[in-house]
>>> print(open('entry.cif').read())   # mmCIF, C-alpha atoms, pLDDT in the B column; chains and numbers go by the auth columns
data_input
loop_
_atom_site.group_PDB
_atom_site.id
_atom_site.type_symbol
_atom_site.label_atom_id
_atom_site.label_comp_id
_atom_site.label_asym_id
_atom_site.label_seq_id
_atom_site.Cartn_x
_atom_site.Cartn_y
_atom_site.Cartn_z
_atom_site.B_iso_or_equiv
_atom_site.auth_seq_id
_atom_site.auth_asym_id
ATOM 1 C CA MET A 1 -14.327 4.363 -16.641 96.00 1 A
ATOM 2 C CA ARG A 2 -12.251 2.295 -14.208 98.00 2 A
ATOM 3 C CA VAL A 3 -11.650 4.033 -10.869 98.00 3 A
ATOM 4 C CA ILE A 4 -8.561 3.124 -8.827 98.00 4 A
ATOM 5 C CA LEU A 5 -8.188 4.315 -5.229 98.00 5 A
ATOM 6 C CA ILE A 6 -4.622 4.252 -3.887 98.00 6 A
ATOM 7 C CA THR A 7 -3.606 5.326 -0.401 98.00 7 A
ATOM 8 C CA GLY A 8 -0.232 7.035 -0.284 95.00 8 A
ATOM 9 C CA ALA A 9 0.222 7.583 -4.024 96.00 9 A
ATOM 10 C CA THR A 10 2.396 10.690 -3.743 95.00 10 A
ATOM 11 C CA SER A 11 5.668 8.738 -3.577 93.00 11 A
ATOM 12 C CA GLY A 12 7.283 5.319 -3.786 94.00 12 A
ATOM 13 C CA VAL A 13 5.211 2.267 -4.664 96.00 13 A
ATOM 14 C CA GLY A 14 1.924 4.164 -4.625 97.00 14 A
ATOM 15 C CA PHE A 15 3.146 6.803 -7.067 97.00 15 A
ATOM 16 C CA GLU A 16 4.620 4.235 -9.468 97.00 16 A
ATOM 17 C CA ALA A 17 1.347 2.304 -9.414 98.00 17 A
ATOM 18 C CA ALA A 18 -0.590 5.517 -10.055 98.00 18 A
ATOM 19 C CA LYS A 19 1.609 6.232 -13.085 98.00 19 A
ATOM 20 C CA LEU A 20 1.040 2.773 -14.531 98.00 20 A
ATOM 21 C CA PHE A 21 -2.715 2.862 -13.996 98.00 21 A
ATOM 22 C CA SER A 22 -2.902 6.363 -15.501 97.00 22 A
ATOM 23 C CA LYS A 23 -1.465 5.181 -18.817 96.00 23 A
ATOM 24 C CA ASP A 24 -4.945 3.846 -19.585 96.00 24 A
ATOM 25 C CA LYS A 25 -7.120 6.778 -20.692 94.00 25 A
ATOM 26 C CA ASN A 26 -10.196 4.922 -19.439 96.00 26 A
ATOM 27 C CA THR A 27 -8.796 4.783 -15.889 98.00 27 A
ATOM 28 C CA LYS A 28 -8.990 7.427 -13.154 98.00 28 A
ATOM 29 C CA VAL A 29 -6.620 7.286 -10.203 98.00 29 A
ATOM 30 C CA VAL A 30 -7.722 8.743 -6.870 98.00 30 A
ATOM 31 C CA SER A 31 -5.027 9.134 -4.223 98.00 31 A
ATOM 32 C CA LEU A 32 -5.461 9.629 -0.483 98.00 32 A
ATOM 33 C CA SER A 33 -2.453 11.231 1.227 95.00 33 A
ATOM 34 C CA ILE A 34 -1.959 13.424 4.259 94.00 34 A
ATOM 35 C CA GLY A 35 0.947 15.706 3.285 91.00 35 A
ATOM 36 C CA LEU A 36 -0.057 18.810 1.340 92.00 36 A
ATOM 37 C CA ASP A 37 3.471 19.478 0.077 92.00 37 A
ATOM 38 C CA ASN A 38 3.751 15.938 -1.271 93.00 38 A
ATOM 39 C CA ILE A 39 0.316 16.225 -2.855 96.00 39 A
ATOM 40 C CA GLU A 40 1.261 19.414 -4.694 96.00 40 A
ATOM 41 C CA LYS A 41 4.484 17.862 -5.991 95.00 41 A
ATOM 42 C CA ALA A 42 2.666 14.713 -7.143 96.00 42 A
ATOM 43 C CA LYS A 43 -0.019 16.756 -8.916 96.00 43 A
ATOM 44 C CA LYS A 44 2.630 18.412 -11.073 96.00 44 A
ATOM 45 C CA LYS A 45 4.060 15.029 -12.060 96.00 45 A
ATOM 46 C CA LEU A 46 0.711 13.309 -12.567 96.00 46 A
ATOM 47 C CA PRO A 47 -1.903 15.987 -13.343 95.00 47 A
ATOM 48 C CA ASN A 48 -4.570 13.545 -14.519 94.00 48 A
ATOM 49 C CA ALA A 49 -4.826 11.865 -11.109 97.00 49 A
ATOM 50 C CA ASP A 50 -7.117 13.122 -8.355 97.00 50 A
ATOM 51 C CA PHE A 51 -5.016 13.766 -5.243 97.00 51 A
ATOM 52 C CA LEU A 52 -7.105 14.204 -2.080 97.00 52 A
ATOM 53 C CA GLN A 53 -5.860 15.071 1.384 97.00 53 A
ATOM 54 C CA CYS A 54 -6.910 12.610 4.056 96.00 54 A
ATOM 55 C CA ASP A 55 -5.481 10.975 7.166 96.00 55 A
ATOM 56 C CA VAL A 56 -6.054 7.263 6.531 97.00 56 A
ATOM 57 C CA SER A 57 -5.801 6.590 10.271 96.00 57 A
ATOM 58 C CA ASP A 58 -8.922 8.720 10.829 97.00 58 A
ATOM 59 C CA TYR A 59 -12.006 6.628 10.046 98.00 59 A
ATOM 60 C CA ASN A 60 -14.482 9.521 10.243 98.00 60 A
ATOM 61 C CA ALA A 61 -12.415 11.505 7.746 98.00 61 A
ATOM 62 C CA LEU A 62 -12.356 8.497 5.424 98.00 62 A
ATOM 63 C CA VAL A 63 -16.146 8.204 5.520 98.00 63 A
ATOM 64 C CA LYS A 64 -16.444 11.836 4.410 98.00 64 A
ATOM 65 C CA ILE A 65 -13.920 11.324 1.608 98.00 65 A
ATOM 66 C CA ALA A 66 -15.780 8.197 0.488 98.00 66 A
ATOM 67 C CA GLU A 67 -18.934 10.294 0.168 98.00 67 A
ATOM 68 C CA GLN A 68 -17.066 12.781 -2.032 97.00 68 A
ATOM 69 C CA VAL A 69 -15.669 10.009 -4.215 98.00 69 A
ATOM 70 C CA GLU A 70 -19.128 8.472 -4.572 98.00 70 A
ATOM 71 C CA GLN A 71 -20.625 11.791 -5.644 98.00 71 A
ATOM 72 C CA LYS A 72 -17.893 12.325 -8.239 98.00 72 A
ATOM 73 C CA TYR A 73 -17.301 8.798 -9.569 98.00 73 A
ATOM 74 C CA GLY A 74 -20.137 6.640 -8.249 98.00 74 A
ATOM 75 C CA LYS A 75 -17.903 3.641 -7.523 98.00 75 A
ATOM 76 C CA ILE A 76 -14.362 2.331 -7.234 98.00 76 A
ATOM 77 C CA ASP A 77 -13.100 -0.770 -8.996 98.00 77 A
ATOM 78 C CA VAL A 78 -9.757 -1.264 -7.260 98.00 78 A
ATOM 79 C CA LEU A 79 -8.567 -0.328 -3.775 98.00 79 A
ATOM 80 C CA VAL A 80 -4.823 -0.361 -3.148 98.00 80 A
ATOM 81 C CA ASN A 81 -4.037 -0.168 0.577 98.00 81 A
ATOM 82 C CA ASN A 82 -0.490 1.129 0.459 97.00 82 A
ATOM 83 C CA ALA A 83 0.061 4.102 2.796 93.00 83 A
ATOM 84 C CA GLY A 84 2.185 3.541 5.850 90.00 84 A
ATOM 85 C CA THR A 85 5.072 4.633 8.036 92.00 85 A
ATOM 86 C CA ILE A 86 7.957 3.017 9.891 91.00 86 A
ATOM 87 C CA ILE A 87 9.679 3.792 13.177 93.00 87 A
ATOM 88 C CA PRO A 88 12.602 1.476 14.058 93.00 88 A
ATOM 89 C CA GLY A 89 12.856 -0.045 17.494 95.00 89 A
ATOM 90 C CA ASN A 90 12.533 -3.259 19.499 96.00 90 A
ATOM 91 C CA ILE A 91 10.584 -4.048 22.652 97.00 91 A
ATOM 92 C CA GLU A 92 13.132 -2.159 24.759 97.00 92 A
ATOM 93 C CA THR A 93 13.739 0.890 22.581 97.00 93 A
ATOM 94 C CA LEU A 94 10.409 1.627 20.883 97.00 94 A
ATOM 95 C CA ALA A 95 8.214 4.123 22.726 97.00 95 A
ATOM 96 C CA VAL A 96 4.576 3.182 23.309 98.00 96 A
ATOM 97 C CA ASP A 97 3.360 6.259 21.416 97.00 97 A
ATOM 98 C CA ASP A 98 5.469 5.244 18.414 96.00 98 A
ATOM 99 C CA TRP A 99 4.064 1.718 18.589 97.00 99 A
ATOM 100 C CA ASP A 100 0.538 3.150 18.526 97.00 100 A
ATOM 101 C CA LYS A 101 1.343 5.412 15.572 96.00 101 A
ATOM 102 C CA VAL A 102 2.826 2.628 13.454 97.00 102 A
ATOM 103 C CA ILE A 103 0.037 0.177 14.246 97.00 103 A
ATOM 104 C CA LYS A 104 -2.656 2.736 13.456 97.00 104 A
ATOM 105 C CA ASN A 105 -1.075 3.853 10.173 96.00 105 A
ATOM 106 C CA ASN A 106 0.019 0.444 8.883 96.00 106 A
ATOM 107 C CA PHE A 107 -2.619 -1.895 10.287 97.00 107 A
ATOM 108 C CA SER A 108 -5.788 -0.173 11.502 98.00 108 A
ATOM 109 C CA SER A 109 -5.848 2.106 8.450 98.00 109 A
ATOM 110 C CA TYR A 110 -6.185 -0.896 6.138 98.00 110 A
ATOM 111 C CA PHE A 111 -9.340 -1.885 7.997 98.00 111 A
ATOM 112 C CA TYR A 112 -10.633 1.690 8.090 98.00 112 A
ATOM 113 C CA VAL A 113 -10.099 2.334 4.376 98.00 113 A
ATOM 114 C CA SER A 114 -11.544 -1.021 3.327 98.00 114 A
ATOM 115 C CA LYS A 115 -14.617 -0.498 5.506 98.00 115 A
ATOM 116 C CA ALA A 116 -15.221 3.087 4.387 98.00 116 A
ATOM 117 C CA PHE A 117 -14.969 2.273 0.678 98.00 117 A
ATOM 118 C CA LEU A 118 -16.610 -1.159 0.656 98.00 118 A
ATOM 119 C CA PRO A 119 -19.990 0.232 -0.516 98.00 119 A
ATOM 120 C CA LEU A 120 -18.242 1.760 -3.535 98.00 120 A
ATOM 121 C CA LEU A 121 -16.333 -1.449 -4.270 98.00 121 A
ATOM 122 C CA LYS A 122 -19.620 -3.345 -4.370 98.00 122 A
ATOM 123 C CA LYS A 123 -20.598 -1.116 -7.302 98.00 123 A
ATOM 124 C CA GLY A 124 -17.359 -1.741 -9.172 98.00 124 A
ATOM 125 C CA THR A 125 -16.471 -3.952 -12.126 97.00 125 A
ATOM 126 C CA ASN A 126 -14.115 -6.849 -11.280 97.00 126 A
ATOM 127 C CA PRO A 127 -13.736 -5.214 -7.842 98.00 127 A
ATOM 128 C CA ASN A 128 -10.685 -6.110 -5.813 98.00 128 A
ATOM 129 C CA ILE A 129 -8.412 -4.977 -3.002 98.00 129 A
ATOM 130 C CA VAL A 130 -4.619 -5.154 -3.043 98.00 130 A
ATOM 131 C CA CYS A 131 -2.905 -4.740 0.327 98.00 131 A
ATOM 132 C CA ILE A 132 0.798 -3.940 0.485 98.00 132 A
ATOM 133 C CA SER A 133 2.400 -6.041 3.202 97.00 133 A
ATOM 134 C CA SER A 134 6.099 -6.906 3.668 97.00 134 A
ATOM 135 C CA ILE A 135 8.438 -9.840 4.124 96.00 135 A
ATOM 136 C CA SER A 136 8.889 -8.339 7.603 94.00 136 A
ATOM 137 C CA ALA A 137 5.494 -9.865 8.412 95.00 137 A
ATOM 138 C CA THR A 138 7.097 -13.297 8.509 92.00 138 A
ATOM 139 C CA ALA A 139 10.832 -12.626 8.794 87.00 139 A
ATOM 140 C CA GLY A 140 10.802 -9.725 11.227 82.00 140 A
ATOM 141 C CA GLY A 141 12.698 -6.495 10.718 84.00 141 A
ATOM 142 C CA SER A 142 14.172 -3.384 12.313 88.00 142 A
ATOM 143 C CA SER A 143 10.798 -2.284 13.720 94.00 143 A
ATOM 144 C CA ILE A 144 8.753 -4.557 15.962 97.00 144 A
ATOM 145 C CA ALA A 145 5.691 -2.384 15.353 97.00 145 A
ATOM 146 C CA TYR A 146 6.046 -2.413 11.561 95.00 146 A
ATOM 147 C CA SER A 147 6.573 -6.186 11.447 97.00 147 A
ATOM 148 C CA CYS A 148 3.563 -6.850 13.677 97.00 148 A
ATOM 149 C CA ALA A 149 1.423 -4.418 11.695 98.00 149 A
ATOM 150 C CA LYS A 150 2.266 -6.128 8.412 97.00 150 A
ATOM 151 C CA ALA A 151 1.524 -9.552 9.917 97.00 151 A
ATOM 152 C CA GLY A 152 -1.869 -8.106 10.802 97.00 152 A
ATOM 153 C CA VAL A 153 -2.324 -6.852 7.248 98.00 153 A
ATOM 154 C CA ASN A 154 -1.897 -10.405 5.984 98.00 154 A
ATOM 155 C CA MET A 155 -4.671 -11.591 8.258 98.00 155 A
ATOM 156 C CA ILE A 156 -6.956 -8.687 7.356 97.00 156 A
ATOM 157 C CA ALA A 157 -6.564 -9.637 3.706 98.00 157 A
ATOM 158 C CA GLN A 158 -7.177 -13.321 4.369 97.00 158 A
ATOM 159 C CA THR A 159 -10.330 -12.529 6.337 98.00 159 A
ATOM 160 C CA LEU A 160 -11.605 -10.049 3.754 98.00 160 A
ATOM 161 C CA ALA A 161 -10.961 -12.518 0.940 98.00 161 A
ATOM 162 C CA LYS A 162 -13.296 -14.945 2.689 98.00 162 A
ATOM 163 C CA ASP A 163 -15.908 -12.403 3.770 98.00 163 A
ATOM 164 C CA LEU A 164 -16.122 -10.476 0.494 98.00 164 A
ATOM 165 C CA ALA A 165 -16.208 -13.412 -1.915 98.00 165 A
ATOM 166 C CA GLN A 166 -20.010 -13.254 -1.709 98.00 166 A
ATOM 167 C CA TYR A 167 -19.792 -9.870 -3.451 98.00 167 A
ATOM 168 C CA ASN A 168 -17.256 -11.135 -6.016 98.00 168 A
ATOM 169 C CA ILE A 169 -14.607 -8.878 -4.473 98.00 169 A
ATOM 170 C CA ARG A 170 -11.125 -10.348 -4.596 98.00 170 A
ATOM 171 C CA VAL A 171 -8.527 -9.514 -1.922 98.00 171 A
ATOM 172 C CA ASN A 172 -4.795 -10.203 -2.120 98.00 172 A
ATOM 173 C CA THR A 173 -1.534 -9.019 -0.568 98.00 173 A
ATOM 174 C CA ILE A 174 1.881 -8.260 -1.983 98.00 174 A
ATOM 175 C CA SER A 175 4.909 -8.756 0.268 97.00 175 A
ATOM 176 C CA PRO A 176 7.895 -6.766 -0.970 96.00 176 A
ATOM 177 C CA GLY A 177 11.457 -7.200 0.157 93.00 177 A
ATOM 178 C CA MET A 178 13.899 -4.329 0.491 88.00 178 A
ATOM 179 C CA LEU A 179 13.222 -1.623 -2.096 93.00 179 A
ATOM 180 C CA ASN A 180 15.151 1.386 -3.315 89.00 180 A
ATOM 181 C CA SER A 181 12.019 3.500 -2.984 87.00 181 A
ATOM 182 C CA GLY A 182 13.111 6.106 -0.443 75.00 182 A
ATOM 183 C CA PHE A 183 10.652 4.806 2.150 82.00 183 A
ATOM 184 C CA GLN A 184 12.967 5.325 5.126 84.00 184 A
ATOM 185 C CA ILE A 185 13.963 8.777 3.853 81.00 185 A
ATOM 186 C CA HIS A 186 10.333 9.862 3.375 77.00 186 A
ATOM 187 C CA ASN A 187 9.630 8.772 6.947 77.00 187 A
ATOM 188 C CA ASN A 188 12.649 10.638 8.369 75.00 188 A
ATOM 189 C CA VAL A 189 14.268 7.441 9.586 73.00 189 A
ATOM 190 C CA MET A 190 17.486 7.993 7.600 76.00 190 A
ATOM 191 C CA ASN A 191 19.218 10.612 5.528 84.00 191 A
ATOM 192 C CA GLU A 192 20.294 9.867 1.953 87.00 192 A
ATOM 193 C CA GLU A 193 23.795 8.747 2.897 88.00 193 A
ATOM 194 C CA GLN A 194 22.550 6.380 5.595 86.00 194 A
ATOM 195 C CA TYR A 195 19.927 5.034 3.209 82.00 195 A
ATOM 196 C CA LYS A 196 22.502 4.346 0.528 89.00 196 A
ATOM 197 C CA GLU A 197 24.722 2.517 3.018 89.00 197 A
ATOM 198 C CA MET A 198 21.789 0.389 4.204 84.00 198 A
ATOM 199 C CA LEU A 199 20.868 -0.627 0.646 88.00 199 A
ATOM 200 C CA GLU A 200 24.463 -1.576 -0.139 91.00 200 A
ATOM 201 C CA LYS A 201 24.653 -3.681 3.026 89.00 201 A
ATOM 202 C CA GLN A 202 21.311 -5.402 2.371 89.00 202 A
ATOM 203 C CA SER A 203 22.023 -6.053 -1.312 92.00 203 A
ATOM 204 C CA ALA A 204 24.349 -8.979 -0.594 90.00 204 A
ATOM 205 C CA SER A 205 21.485 -11.008 0.890 92.00 205 A
ATOM 206 C CA TYR A 206 19.243 -10.544 -2.171 94.00 206 A
ATOM 207 C CA PRO A 207 20.046 -12.969 -5.039 95.00 207 A
ATOM 208 C CA PHE A 208 18.488 -10.613 -7.594 95.00 208 A
ATOM 209 C CA GLY A 209 19.545 -7.396 -5.894 93.00 209 A
ATOM 210 C CA ILE A 210 17.475 -4.686 -4.238 94.00 210 A
ATOM 211 C CA GLY A 211 14.061 -4.096 -5.791 94.00 211 A
ATOM 212 C CA THR A 212 12.386 -0.912 -6.974 96.00 212 A
ATOM 213 C CA ALA A 213 8.980 0.650 -6.445 96.00 213 A
ATOM 214 C CA LEU A 214 8.199 -0.209 -10.061 97.00 214 A
ATOM 215 C CA ASP A 215 8.684 -3.921 -9.328 97.00 215 A
ATOM 216 C CA ILE A 216 5.848 -3.747 -6.822 98.00 216 A
ATOM 217 C CA ALA A 217 3.723 -1.478 -8.987 98.00 217 A
ATOM 218 C CA ASN A 218 3.845 -4.071 -11.781 98.00 218 A
ATOM 219 C CA ALA A 219 2.631 -6.710 -9.325 98.00 219 A
ATOM 220 C CA ILE A 220 -0.237 -4.420 -8.281 98.00 220 A
ATOM 221 C CA ILE A 221 -1.268 -3.986 -11.914 98.00 221 A
ATOM 222 C CA PHE A 222 -1.349 -7.750 -12.392 98.00 222 A
ATOM 223 C CA LEU A 223 -3.293 -8.625 -9.232 98.00 223 A
ATOM 224 C CA SER A 224 -5.879 -5.934 -9.916 98.00 224 A
ATOM 225 C CA SER A 225 -6.417 -7.005 -13.533 98.00 225 A
ATOM 226 C CA GLU A 226 -8.762 -9.529 -15.123 96.00 226 A
ATOM 227 C CA LYS A 227 -5.734 -11.772 -15.670 97.00 227 A
ATOM 228 C CA ALA A 228 -5.863 -12.428 -11.916 98.00 228 A
ATOM 229 C CA SER A 229 -9.635 -12.946 -11.814 97.00 229 A
ATOM 230 C CA TRP A 230 -9.267 -16.383 -10.157 98.00 230 A
ATOM 231 C CA ILE A 231 -6.804 -15.222 -7.504 98.00 231 A
ATOM 232 C CA SER A 232 -8.051 -14.241 -4.062 98.00 232 A
ATOM 233 C CA GLY A 233 -6.578 -14.733 -0.606 98.00 233 A
ATOM 234 C CA ALA A 234 -3.052 -14.953 -2.030 98.00 234 A
ATOM 235 C CA ASP A 235 0.136 -13.326 -0.815 98.00 235 A
ATOM 236 C CA LEU A 236 2.434 -12.515 -3.739 98.00 236 A
ATOM 237 C CA LEU A 237 6.048 -12.553 -2.598 97.00 237 A
ATOM 238 C CA VAL A 238 8.087 -9.989 -4.548 97.00 238 A
ATOM 239 C CA ASP A 239 11.455 -10.021 -2.806 95.00 239 A
ATOM 240 C CA GLY A 240 14.182 -10.828 -5.319 95.00 240 A
ATOM 241 C CA GLY A 241 14.572 -14.336 -3.891 95.00 241 A
ATOM 242 C CA LYS A 242 15.397 -13.079 -0.377 93.00 242 A
ATOM 243 C CA LEU A 243 13.279 -15.495 1.676 93.00 243 A
ATOM 244 C CA ALA A 244 14.043 -18.454 -0.597 91.00 244 A
ATOM 245 C CA SER A 245 17.775 -17.946 -0.001 86.00 245 A
ATOM 246 C CA ARG A 246 17.666 -17.988 3.786 78.00 246 A
#
>>> encode(input="entry.cif", output="structure tokens")
Amino acid sequence: MRVILITGATSGVGFEAAKLFSKDKNTKVVSLSIGLDNIEKAKKKLPNADFLQCDVSDYNALVKIAEQVEQKYGKIDVLVNNAGTIIPGNIETLAVDDWDKVIKNNFSSYFYVSKAFLPLLKKGTNPNIVCISSISATAGGSSIAYSCAKAGVNMIAQTLAKDLAQYNIRVNTISPGMLNSGFQIHNNVMNEEQYKEMLEKQSASYPFGIGTALDIANAIIFLSSEKASWISGADLLVDGGKLASR
């Protein structure tokens, strides 16, 4: 059985990826998320997945969860680093505590999760890590902390791709553009009306329109498959032509 570990699979990109992976009866999806309410809702929609509560910014908690996963499954084959949060603000408006929160959840957590589950990846078949980054890593965005965190994610992935090649573990990133995934709503940055207005405003700068969580989930499926067995250290840009049109 193929075991897929996804952080933040209760909504958005993570949930869509979990659904796609779960279509294969020989695949087990394990999700790490912090919100109990979201976990319960996701369980009802995807009962075959294993939803575990864990704060991915807490390394000690991750080590304990990794032990549980090892006891139950013995390995993982794919790690999808996806969980994250966003708090808008620039150097003048963003509070230091908010900077710390975003960096820990979007940057440090990718290191923590990868480190905690590396022993299980070494036991996997065609083992690989997919890290969800953002075009904000290179183009900047509404949150200085989020943009800097995602730039760090790109470097984590590049470094891991080099360091883990000796174990035949591939590591790649996906950099999405603006998605209609509810990310800002889930993180209490906007209400539904504000979110809709933002998407309409942003749409004009995307040649192929605003993307969906499924667009990114499909990219995750590809990069984690044997079809991508010669791809490591790559950043797959999935942004509807946004950066190319600047």
>>> resolve_selection(input="entry.cif", expression="the PyMOL selection byres ((chain A and resi 53) around 9)", output="compact mmCIF listing (two decimals) with C-alpha atoms, in the frame of the given file")
# COMPACT_ATOMS: atom_id res chain seq x y z
CA SER A 31 -5.03 9.13 -4.22
CA LEU A 32 -5.46 9.63 -0.48
CA SER A 33 -2.45 11.23 1.23
CA ILE A 34 -1.96 13.42 4.26
CA GLY A 35 0.95 15.71 3.28
CA LEU A 36 -0.06 18.81 1.34
CA ILE A 39 0.32 16.23 -2.86
CA PHE A 51 -5.02 13.77 -5.24
CA LEU A 52 -7.10 14.20 -2.08
CA CYS A 54 -6.91 12.61 4.06
CA ASP A 55 -5.48 10.98 7.17
CA ILE A 65 -13.92 11.32 1.61
>>> resolve_selection(input="entry.cif", expression="the PyMOL selection byres ((chain A and resi 128-134) around 8)", output="JSON, numbers by chain")
{"A": [77, 78, 79, 80, 81, 82, 110, 121, 126, 127, 135, 136, 137, 147, 150, 151, 153, 154, 157, 169, 170, 171, 172, 173, 174, 175, 176, 177, 220, 223, 224]}
>>> residues_near_point(input="entry.cif", point="(-9.6, 0.8, -12.5)", cutoff="12 Å", atoms="all atoms listed in the file", output="VMD selection string")
chain A and resid 1 to 6 17 to 18 20 to 30 73 75 to 80 121 124 to 129 220 to 226
>>> resolve_selection(input="entry.cif", expression="the PyMOL selection byres ((chain A and resi 62) around 10)", output="PyMOL selection string")
chain A and resi 32+54-61+63-68+109+112-117
>>> atom_distance(input="entry.cif", atom1="CA of Lys201 in chain A", atom2="CA of Gly89 in chain A")
19.0 Å
>>> build_atoms(input="entry.cif", residues="range 218-233 of chain A", atoms="N, CA and C atoms", output="JSON list (two decimals), in the frame of the given file")
[["chain", "number", "residue", "atom", "x", "y", "z"],
["A", 218, "ASN", "N", 4.20, -3.09, -10.74],
["A", 218, "ASN", "CA", 3.84, -4.07, -11.78],
["A", 218, "ASN", "C", 3.03, -5.23, -11.20],
["A", 219, "ALA", "N", 3.39, -5.64, -9.99],
["A", 219, "ALA", "CA", 2.63, -6.71, -9.32],
["A", 219, "ALA", "C", 1.22, -6.25, -8.98],
["A", 220, "ILE", "N", 1.09, -4.98, -8.58],
["A", 220, "ILE", "CA", -0.24, -4.42, -8.28],
["A", 220, "ILE", "C", -1.10, -4.43, -9.54],
["A", 221, "ILE", "N", -0.53, -4.01, -10.65],
["A", 221, "ILE", "CA", -1.27, -3.99, -11.91],
["A", 221, "ILE", "C", -1.78, -5.37, -12.26],
["A", 222, "PHE", "N", -0.93, -6.38, -12.08],
["A", 222, "PHE", "CA", -1.35, -7.75, -12.39],
["A", 222, "PHE", "C", -2.47, -8.23, -11.48],
["A", 223, "LEU", "N", -2.29, -8.10, -10.17],
["A", 223, "LEU", "CA", -3.29, -8.62, -9.23],
["A", 223, "LEU", "C", -4.64, -7.92, -9.36],
["A", 224, "SER", "N", -4.63, -6.68, -9.80],
["A", 224, "SER", "CA", -5.88, -5.93, -9.92],
["A", 224, "SER", "C", -6.54, -6.10, -11.28],
["A", 225, "SER", "N", -5.91, -6.86, -12.17],
["A", 225, "SER", "CA", -6.42, -7.00, -13.53],
["A", 225, "SER", "C", -7.28, -8.25, -13.69],
["A", 226, "GLU", "N", -7.94, -8.35, -14.82],
["A", 226, "GLU", "CA", -8.76, -9.53, -15.12],
["A", 226, "GLU", "C", -7.92, -10.78, -15.29],
["A", 227, "LYS", "N", -6.63, -10.61, -15.55],
["A", 227, "LYS", "CA", -5.73, -11.77, -15.67],
["A", 227, "LYS", "C", -5.61, -12.51, -14.34],
["A", 228, "ALA", "N", -5.93, -11.81, -13.25],
["A", 228, "ALA", "CA", -5.86, -12.43, -11.92],
["A", 228, "ALA", "C", -7.26, -12.69, -11.36],
["A", 229, "SER", "N", -8.23, -12.85, -12.25],
["A", 229, "SER", "CA", -9.64, -12.95, -11.81],
["A", 229, "SER", "C", -9.94, -14.19, -10.98],
["A", 230, "TRP", "N", -9.03, -15.18, -10.96],
["A", 230, "TRP", "CA", -9.27, -16.38, -10.16],
["A", 230, "TRP", "C", -8.32, -16.44, -8.96],
["A", 231, "ILE", "N", -7.75, -15.29, -8.62],
["A", 231, "ILE", "CA", -6.80, -15.22, -7.50],
["A", 231, "ILE", "C", -7.39, -14.37, -6.39],
["A", 232, "SER", "N", -7.59, -14.98, -5.24],
["A", 232, "SER", "CA", -8.05, -14.24, -4.06],
["A", 232, "SER", "C", -7.53, -14.94, -2.81],
["A", 233, "GLY", "N", -7.14, -14.16, -1.83],
["A", 233, "GLY", "CA", -6.58, -14.73, -0.61],
["A", 233, "GLY", "C", -5.11, -15.09, -0.73]]
